[in-house]
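Everything below belongs to run16.txt, which stores compact mmCIF, C-alpha atoms.
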# COMPACT_ATOMS: atom_id res chain seq x y z
CA ALA A 1 60.06 109.21 30.97
CA ARG A 2 60.51 107.20 34.18
CA PRO A 3 60.99 109.28 37.32
CA ALA A 4 64.32 109.14 39.08
CA PRO A 5 64.73 106.60 41.92
CA ARG A 6 65.22 109.37 44.48
CA ALA A 7 61.94 111.04 43.45
CA MET A 8 60.14 107.71 43.65
CA MET A 9 61.44 107.10 47.17
CA LEU A 10 60.36 110.59 48.21
CA LYS A 11 56.83 110.00 46.89
CA LEU A 12 56.61 106.66 48.71
CA CYS A 13 57.69 108.24 51.98
CA LEU A 14 55.12 111.03 51.62
CA CYS A 15 52.39 108.48 50.90
CA ALA A 16 53.39 106.46 53.96
CA ILE A 17 53.30 109.54 56.19
CA VAL A 18 49.83 110.50 54.92
CA ALA A 19 48.55 106.95 55.46
CA VAL A 20 49.87 106.77 59.02
CA SER A 21 48.37 110.18 59.86
CA ALA A 22 44.97 109.13 58.49
CA ALA A 23 45.05 105.90 60.46
CA ASP A 24 45.91 107.76 63.68
CA GLN A 25 43.01 110.15 63.21
CA ALA A 26 40.55 107.36 62.38
CA ALA A 27 41.33 105.02 65.27
CA PRO A 28 40.92 106.10 68.91
CA LEU A 29 44.04 106.05 71.04
CA ARG A 30 44.16 103.35 73.73
CA PRO A 31 46.65 102.99 76.57
CA ALA A 32 49.15 100.17 76.37
CA LEU A 33 48.20 98.85 79.83
CA ALA A 34 44.65 98.17 80.97
CA LEU A 35 43.42 99.61 84.25
CA ARG A 36 42.63 97.46 87.26
CA GLY A 37 39.47 95.47 86.57
CA GLY A 38 40.01 95.46 82.83
CA ALA A 39 38.44 98.87 82.21
CA ARG A 40 40.01 101.13 79.62
CA PRO A 41 39.50 104.90 79.70
CA ALA A 42 37.77 106.34 76.69
CA VAL A 43 39.60 108.88 74.60
CA SER A 44 37.54 111.48 72.82
CA GLY A 45 38.27 113.11 69.49
CA ALA A 46 39.61 116.15 71.33
CA GLY A 47 41.97 113.86 73.24
CA VAL A 48 43.22 112.46 69.94
CA SER A 49 43.86 115.96 68.67
CA ASN A 50 45.67 116.96 71.86
CA ALA A 51 47.78 113.80 71.76
CA LEU A 52 48.80 114.47 68.18
CA THR A 53 49.56 118.11 69.01
CA ALA A 54 51.71 117.12 72.00
CA ALA A 55 53.90 114.81 69.90
CA LYS A 56 57.63 115.42 70.19
CA PRO A 57 59.12 117.67 67.55
CA VAL A 58 61.75 116.21 65.29
CA GLY A 59 64.45 118.43 66.78
CA GLU A 60 64.18 116.87 70.24
CA LEU A 61 66.00 113.81 71.49
CA ARG A 62 64.32 110.88 73.21
CA GLY A 63 63.39 111.91 76.74
CA GLY A 64 62.70 115.53 75.78
CA ALA A 65 66.33 116.70 75.80
CA LYS A 66 67.16 119.34 73.22
CA VAL A 67 70.40 119.67 71.35
CA ALA A 68 72.15 122.85 72.48
CA ILE A 69 75.64 124.32 72.22
CA ASP A 70 77.33 125.27 75.48
CA TRP A 71 78.77 128.63 74.42
CA GLN A 72 80.10 129.33 77.90
CA LEU A 73 82.13 126.12 77.88
CA LEU A 74 83.47 126.94 74.41
CA ALA A 75 84.45 130.42 75.64
CA TYR A 76 86.29 128.90 78.61
CA PHE A 77 88.07 126.46 76.30
CA ALA A 78 89.10 129.26 73.93
CA GLY A 79 90.34 131.36 76.85
CA TRP A 80 92.35 128.44 78.22
CA TYR A 81 93.85 127.74 74.79
CA LEU A 82 94.80 131.39 74.24
CA GLY A 83 96.20 131.77 77.75
CA ASN A 84 98.21 128.57 77.44
CA TYR A 85 99.64 129.77 74.12
CA TYR A 86 100.89 133.07 75.56
CA TYR A 87 102.06 131.37 78.77
CA THR A 88 104.23 128.95 76.79
CA LEU A 89 105.54 131.70 74.53
CA ASN A 90 106.44 134.03 77.40
CA ASN A 91 108.07 131.15 79.25
CA LYS A 92 110.42 130.65 76.31
CA TYR A 93 111.18 134.38 76.16
CA ALA A 94 111.94 134.42 79.89
CA LEU A 95 114.15 131.35 79.62
CA LYS A 96 116.12 132.90 76.75
CA ALA A 97 116.51 136.15 78.64
CA ALA A 98 117.78 134.23 81.68
CA GLY A 99 120.55 132.59 79.68
CA GLY A 100 118.92 129.61 77.94
CA ALA A 101 120.21 126.16 78.86
CA SER A 102 122.74 127.67 81.26
CA GLY A 103 120.26 130.08 82.81
CA PHE A 104 117.84 129.86 85.72
CA PRO A 105 114.87 127.61 84.83
CA VAL A 106 114.27 126.53 88.44
CA THR A 107 114.09 130.18 89.53
CA ILE A 108 111.50 130.94 86.85
CA GLY A 109 109.37 127.92 87.75
CA PHE A 110 109.64 128.53 91.48
CA PHE A 111 108.72 132.22 91.36
CA GLN A 112 105.79 131.54 89.06
CA MET A 113 104.33 129.35 91.81
CA VAL A 114 105.23 131.95 94.45
CA ILE A 115 103.33 134.64 92.53
CA GLY A 116 100.37 132.27 92.20
CA SER A 117 100.47 131.68 95.94
CA ILE A 118 100.50 135.42 96.68
CA TYR A 119 97.48 135.90 94.41
CA ALA A 120 95.64 133.07 96.18
CA LEU A 121 96.33 134.66 99.56
CA TYR A 122 95.05 137.99 98.27
CA LEU A 123 91.77 136.39 97.18
CA TRP A 124 91.31 134.95 100.68
CA VAL A 125 92.06 138.28 102.37
CA ALA A 126 90.08 140.52 100.00
CA PRO A 127 86.42 141.01 101.01
CA ASP A 128 83.81 138.98 99.10
CA ALA A 129 86.46 137.47 96.80
CA ARG A 130 86.78 133.82 97.85
CA ALA A 131 85.81 131.97 101.00
CA THR A 132 88.77 130.60 102.96
CA PRO A 133 89.04 126.81 103.26
CA ASN A 134 88.48 125.05 106.56
CA VAL A 135 91.16 122.39 106.21
CA THR A 136 93.04 120.65 108.98
CA PRO A 137 96.80 119.90 109.17
CA LYS A 138 95.92 116.29 108.31
CA ASP A 139 94.15 117.51 105.15
CA LEU A 140 97.19 119.57 104.15
CA LEU A 141 99.43 116.56 104.64
CA ALA A 142 97.13 114.53 102.38
CA ILE A 143 97.29 117.23 99.68
CA VAL A 144 101.12 117.30 99.66
CA PRO A 145 101.54 114.39 97.16
CA VAL A 146 99.21 116.10 94.68
CA ALA A 147 100.98 119.44 95.16
CA ALA A 148 104.43 117.86 94.79
CA CYS A 149 103.42 116.13 91.55
CA ALA A 150 101.93 119.37 90.21
CA ALA A 151 105.14 121.24 91.05
CA GLY A 152 107.24 118.50 89.44
CA ALA A 153 105.14 118.58 86.25
CA HIS A 154 105.39 122.38 86.13
CA LEU A 155 109.16 122.49 86.61
CA SER A 156 109.84 119.61 84.22
CA SER A 157 107.79 121.31 81.51
CA ILE A 158 109.86 124.47 81.90
CA MET A 159 113.07 122.44 81.77
CA SER A 160 111.89 120.76 78.57
CA MET A 161 111.18 124.11 76.91
CA ASN A 162 114.56 125.37 78.09
CA LEU A 163 116.43 122.41 76.58
CA GLY A 164 114.65 122.29 73.23
CA ALA A 165 112.04 123.85 71.00
CA VAL A 166 108.66 124.80 72.45
CA SER A 167 106.90 122.89 69.68
CA PHE A 168 108.78 119.70 70.51
CA ALA A 169 107.96 119.99 74.22
CA GLN A 170 104.27 120.48 73.46
CA ILE A 171 104.27 117.52 71.08
CA VAL A 172 105.65 115.16 73.72
CA LYS A 173 103.32 116.55 76.39
CA ALA A 174 100.36 115.69 74.15
CA SER A 175 100.92 112.04 75.08
CA GLU A 176 100.05 112.73 78.74
CA PRO A 177 96.73 110.76 78.51
CA ALA A 178 98.69 107.64 77.59
CA PHE A 179 100.91 108.04 80.66
CA ALA A 180 97.86 108.57 82.88
CA ALA A 181 96.11 105.48 81.52
CA LEU A 182 99.20 103.28 81.86
CA LEU A 183 99.90 104.39 85.42
CA GLY A 184 96.25 104.04 86.36
CA VAL A 185 96.18 100.43 85.20
CA THR A 186 99.57 99.33 86.55
CA LEU A 187 99.82 101.16 89.88
CA TYR A 188 96.30 102.23 90.86
CA GLY A 189 94.29 99.20 89.79
CA LYS A 190 92.03 101.11 87.42
CA THR A 191 90.36 99.66 84.35
CA VAL A 192 90.49 101.37 80.98
CA SER A 193 87.94 100.43 78.34
CA GLN A 194 88.98 99.11 74.96
CA ALA A 195 87.52 102.19 73.28
CA LYS A 196 89.79 104.47 75.33
CA TRP A 197 92.85 102.38 74.49
CA LEU A 198 91.96 102.63 70.80
CA CYS A 199 91.59 106.40 71.10
CA LEU A 200 95.17 106.60 72.39
CA ILE A 201 96.58 104.99 69.23
CA PRO A 202 96.28 108.11 67.01
CA VAL A 203 97.58 110.27 69.87
CA ILE A 204 100.71 108.17 70.31
CA GLY A 205 101.14 107.74 66.56
CA GLY A 206 100.87 111.49 66.00
CA VAL A 207 103.44 112.19 68.71
CA CYS A 208 105.86 109.68 67.14
CA LEU A 209 105.46 111.11 63.64
CA ALA A 210 105.84 114.69 64.83
CA SER A 211 108.93 113.77 66.85
CA ILE A 212 110.55 112.11 63.83
CA LYS A 213 109.98 115.22 61.70
CA GLU A 214 111.10 117.64 64.43
CA LEU A 215 114.28 119.39 63.30
CA ASP A 216 115.24 120.65 66.73
CA PHE A 217 115.25 117.21 68.39
CA SER A 218 116.84 117.00 71.83
CA VAL A 219 117.13 113.91 74.00
CA ALA A 220 117.29 116.03 77.14
CA ALA A 221 114.11 117.89 76.15
CA LEU A 222 112.42 114.55 75.40
CA VAL A 223 113.35 113.13 78.82
CA SER A 224 112.20 116.29 80.61
CA ALA A 225 108.85 116.27 78.78
CA CYS A 226 108.35 112.57 79.60
CA VAL A 227 109.14 113.28 83.27
CA ALA A 228 106.56 116.07 83.17
CA ASN A 229 104.02 113.62 81.77
CA LEU A 230 104.81 111.15 84.56
CA PHE A 231 104.34 113.80 87.23
CA ALA A 232 101.07 114.92 85.62
CA ALA A 233 99.82 111.33 85.46
CA PHE A 234 100.63 110.77 89.13
CA ARG A 235 98.93 114.07 90.00
CA SER A 236 95.73 113.05 88.21
CA ASN A 237 95.54 109.66 89.90
CA GLU A 238 96.50 110.99 93.33
CA ASN A 239 93.97 113.81 93.03
CA LYS A 240 91.21 111.30 92.23
CA LYS A 241 92.16 109.28 95.30
CA LEU A 242 92.37 112.44 97.41
CA MET A 243 88.90 113.66 96.44
CA ASP A 244 87.41 110.35 97.61
CA THR A 245 88.32 111.31 101.19
CA PRO A 246 85.05 111.81 103.12
CA GLY A 247 84.30 115.46 103.86
CA LEU A 248 87.42 116.86 102.19
CA LYS A 249 85.55 118.60 99.38
CA THR A 250 83.36 120.39 101.91
CA ARG A 251 86.34 121.52 103.97
CA ILE A 252 88.23 122.78 100.91
CA GLY A 253 85.18 124.64 99.67
CA SER A 254 85.85 125.05 95.95
CA THR A 255 88.04 124.01 93.05
CA GLY A 256 89.81 127.38 93.25
CA ASN A 257 90.73 126.74 96.87
CA GLN A 258 92.06 123.30 96.00
CA PHE A 259 94.24 124.74 93.25
CA ALA A 260 95.42 127.54 95.57
CA ILE A 261 96.43 125.12 98.32
CA SER A 262 98.21 122.89 95.80
CA THR A 263 100.08 125.90 94.40
CA MET A 264 101.26 127.01 97.85
CA LEU A 265 102.38 123.55 98.88
CA GLY A 266 104.01 123.06 95.47
CA ALA A 267 106.00 126.27 95.91
CA LEU A 268 107.24 124.96 99.26
CA CYS A 269 108.26 121.69 97.56
CA LEU A 270 110.30 123.60 94.95
CA PHE A 271 111.97 125.88 97.49
CA PRO A 272 114.80 123.47 98.49
CA PHE A 273 115.57 122.70 94.81
CA TRP A 274 115.80 126.43 94.11
CA LEU A 275 118.21 126.86 97.02
CA ILE A 276 120.36 123.88 96.00
CA PHE A 277 120.62 124.46 92.24
CA GLU A 278 120.37 128.18 91.57
CA VAL A 279 120.95 130.23 94.72
CA ARG A 280 124.60 131.21 94.81
CA ILE A 281 125.71 132.72 98.10
CA SER A 282 129.03 134.53 97.71
Once more with this new file: its structure as structure tokens, please.
Amino acid sequence: ARPAPRAMMLKLCLCAIVAVSAADQAAPLRPALALRGGARPAVSGAGVSNALTAAKPVGELRGGAKVAIDWQLLAYFAGWYLGNYYYTLNNKYALKAAGGASGFPVTIGFFQMVIGSIYALYLWVAPDARATPNVTPKDLLAIVPVAACAAGAHLSSIMSMNLGAVSFAQIVKASEPAFAALLGVTLYGKTVSQAKWLCLIPVIGGVCLASIKELDFSVAALVSACVANLFAAFRSNENKKLMDTPGLKTRIGSTGNQFAISTMLGALCLFPFWLIFEVRIS
């Protein structure tokens, strides 16, 4: 009986490997480039053996890099996903308890940022918690656009969840990368590769299909979620421009400090809207 084609290919590969190994052991190794004067260093049999022993294992990539899983990054991602899930869920519960569409969404969004600001101040005051930033008033003024956009994205997201289903708000917010790419190209002069544009097609298509099948569709919730995406896109582009300021990263000190400063300034940006729309003085 004739052997199967797969078995024949396996035997041929094994024969080729044996032949190459025998040829390597029989012929001395020579460097690819000759030394100055034309001399070539001799390589002994022990050198051949050491060279063969030091060959890269199959599991390594070119350049010696090994394939490894970043478990810490996966743990951070899982923690962010779980925290975001409960944050969204509790936001909806709070909005319902405050009266729903006729309740106090600005109050909820504003005081969330106030609590975040208090926590940031505590970390700066507590010993050995977080080093305080060494920013100037000019630096704070430069951070205001980023903080205002972050506050606008935060409040618009809460408004969207208040006016419609949480699932619908999250579906629309999934198209944020498309908003960021479009604004980056049109207003900030950035270039987006063709591969990135192609990656946005399934994102946008998925958002459209999910929106069509959404039973609890609300135009007001759609507009609020799109406004949140616009604010988030502006925040991303403005933050990139801000971080290019010479010496600013050193004066801020850390990513946590940057987020803390943005939260405090964002709370100040929301304060007048809270007073105008939801503070009723009798």
Show me, as JSON, numbers by chain, the residues that have an atom within 10 Å of region 229-235 of chain A when counting only C-alpha atoms, minus same-chain residues fewer than 3 positions from it. {"A": [145, 146, 147, 148, 149, 150, 151, 152, 153, 154, 155, 156, 157, 172, 173, 174, 175, 176, 177, 178, 179, 180, 181, 182, 183, 184, 187, 188, 223, 224, 225, 226, 238, 239, 240, 241]}
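Across the model, the gap from CA of Asn91 (chain A) to CA of Phe273 (chain A) is 19.2 Å.
Nearest-residue note for Leu248 (chain A): choosing from A:Ile201, A:Cys269, A:Leu222, A:Ala142, the minimum distance belongs to A:Ala142, counting only C-alpha atoms.
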If you measure from CA of Leu95 (chain A) to CA of Pro272 (chain A), what distance in Å do you get, rounded to one decimal? 20.5 Å
List as a PyMOL selection string the protein and nucleic acid residues near region 108-117 of chain A, meaning an atom at most 10 Å away when only C-alpha atoms are counted, but skip any in the same chain fewer than 2 places from it. chain A and resi 91+94-95+98+103-106+119-123+151-152+154-159+259-271+273-274
Kindly save the residues from that selection, with C-alpha atoms included, as a PDB file, in the coordinates of the input.
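The resulting file, part29.pdb, is shown below:
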ATOM      1  CA  ASN A  91     108.070 131.150  79.250  1.00  0.00           C
ATOM      2  CA  ALA A  94     111.940 134.420  79.890  1.00  0.00           C
ATOM      3  CA  LEU A  95     114.150 131.350  79.620  1.00  0.00           C
ATOM      4  CA  ALA A  98     117.780 134.230  81.680  1.00  0.00           C
ATOM      5  CA  GLY A 103     120.260 130.080  82.810  1.00  0.00           C
ATOM      6  CA  PHE A 104     117.840 129.860  85.720  1.00  0.00           C
ATOM      7  CA  PRO A 105     114.870 127.610  84.830  1.00  0.00           C
ATOM      8  CA  VAL A 106     114.270 126.530  88.440  1.00  0.00           C
ATOM      9  CA  TYR A 119      97.480 135.900  94.410  1.00  0.00           C
ATOM     10  CA  ALA A 120      95.640 133.070  96.180  1.00  0.00           C
ATOM     11  CA  LEU A 121      96.330 134.660  99.560  1.00  0.00           C
ATOM     12  CA  TYR A 122      95.050 137.990  98.270  1.00  0.00           C
ATOM     13  CA  LEU A 123      91.770 136.390  97.180  1.00  0.00           C
ATOM     14  CA  ALA A 151     105.140 121.240  91.050  1.00  0.00           C
ATOM     15  CA  GLY A 152     107.240 118.500  89.440  1.00  0.00           C
ATOM     16  CA  HIS A 154     105.390 122.380  86.130  1.00  0.00           C
ATOM     17  CA  LEU A 155     109.160 122.490  86.610  1.00  0.00           C
ATOM     18  CA  SER A 156     109.840 119.610  84.220  1.00  0.00           C
ATOM     19  CA  SER A 157     107.790 121.310  81.510  1.00  0.00           C
ATOM     20  CA  ILE A 158     109.860 124.470  81.900  1.00  0.00           C
ATOM     21  CA  MET A 159     113.070 122.440  81.770  1.00  0.00           C
ATOM     22  CA  PHE A 259      94.240 124.740  93.250  1.00  0.00           C
ATOM     23  CA  ALA A 260      95.420 127.540  95.570  1.00  0.00           C
ATOM     24  CA  ILE A 261      96.430 125.120  98.320  1.00  0.00           C
ATOM     25  CA  SER A 262      98.210 122.890  95.800  1.00  0.00           C
ATOM     26  CA  THR A 263     100.080 125.900  94.400  1.00  0.00           C
ATOM     27  CA  MET A 264     101.260 127.010  97.850  1.00  0.00           C
ATOM     28  CA  LEU A 265     102.380 123.550  98.880  1.00  0.00           C
ATOM     29  CA  GLY A 266     104.010 123.060  95.470  1.00  0.00           C
ATOM     30  CA  ALA A 267     106.000 126.270  95.910  1.00  0.00           C
ATOM     31  CA  LEU A 268     107.240 124.960  99.260  1.00  0.00           C
ATOM     32  CA  CYS A 269     108.260 121.690  97.560  1.00  0.00           C
ATOM     33  CA  LEU A 270     110.300 123.600  94.950  1.00  0.00           C
ATOM     34  CA  PHE A 271     111.970 125.880  97.490  1.00  0.00           C
ATOM     35  CA  PHE A 273     115.570 122.700  94.810  1.00  0.00           C
ATOM     36  CA  TRP A 274     115.800 126.430  94.110  1.00  0.00           C
TER      37      TRP A 274
END
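The interatomic distance for the pair CA of Gly253 (chain A) and CA of Lys190 (chain A) works out to 27.4 Å.
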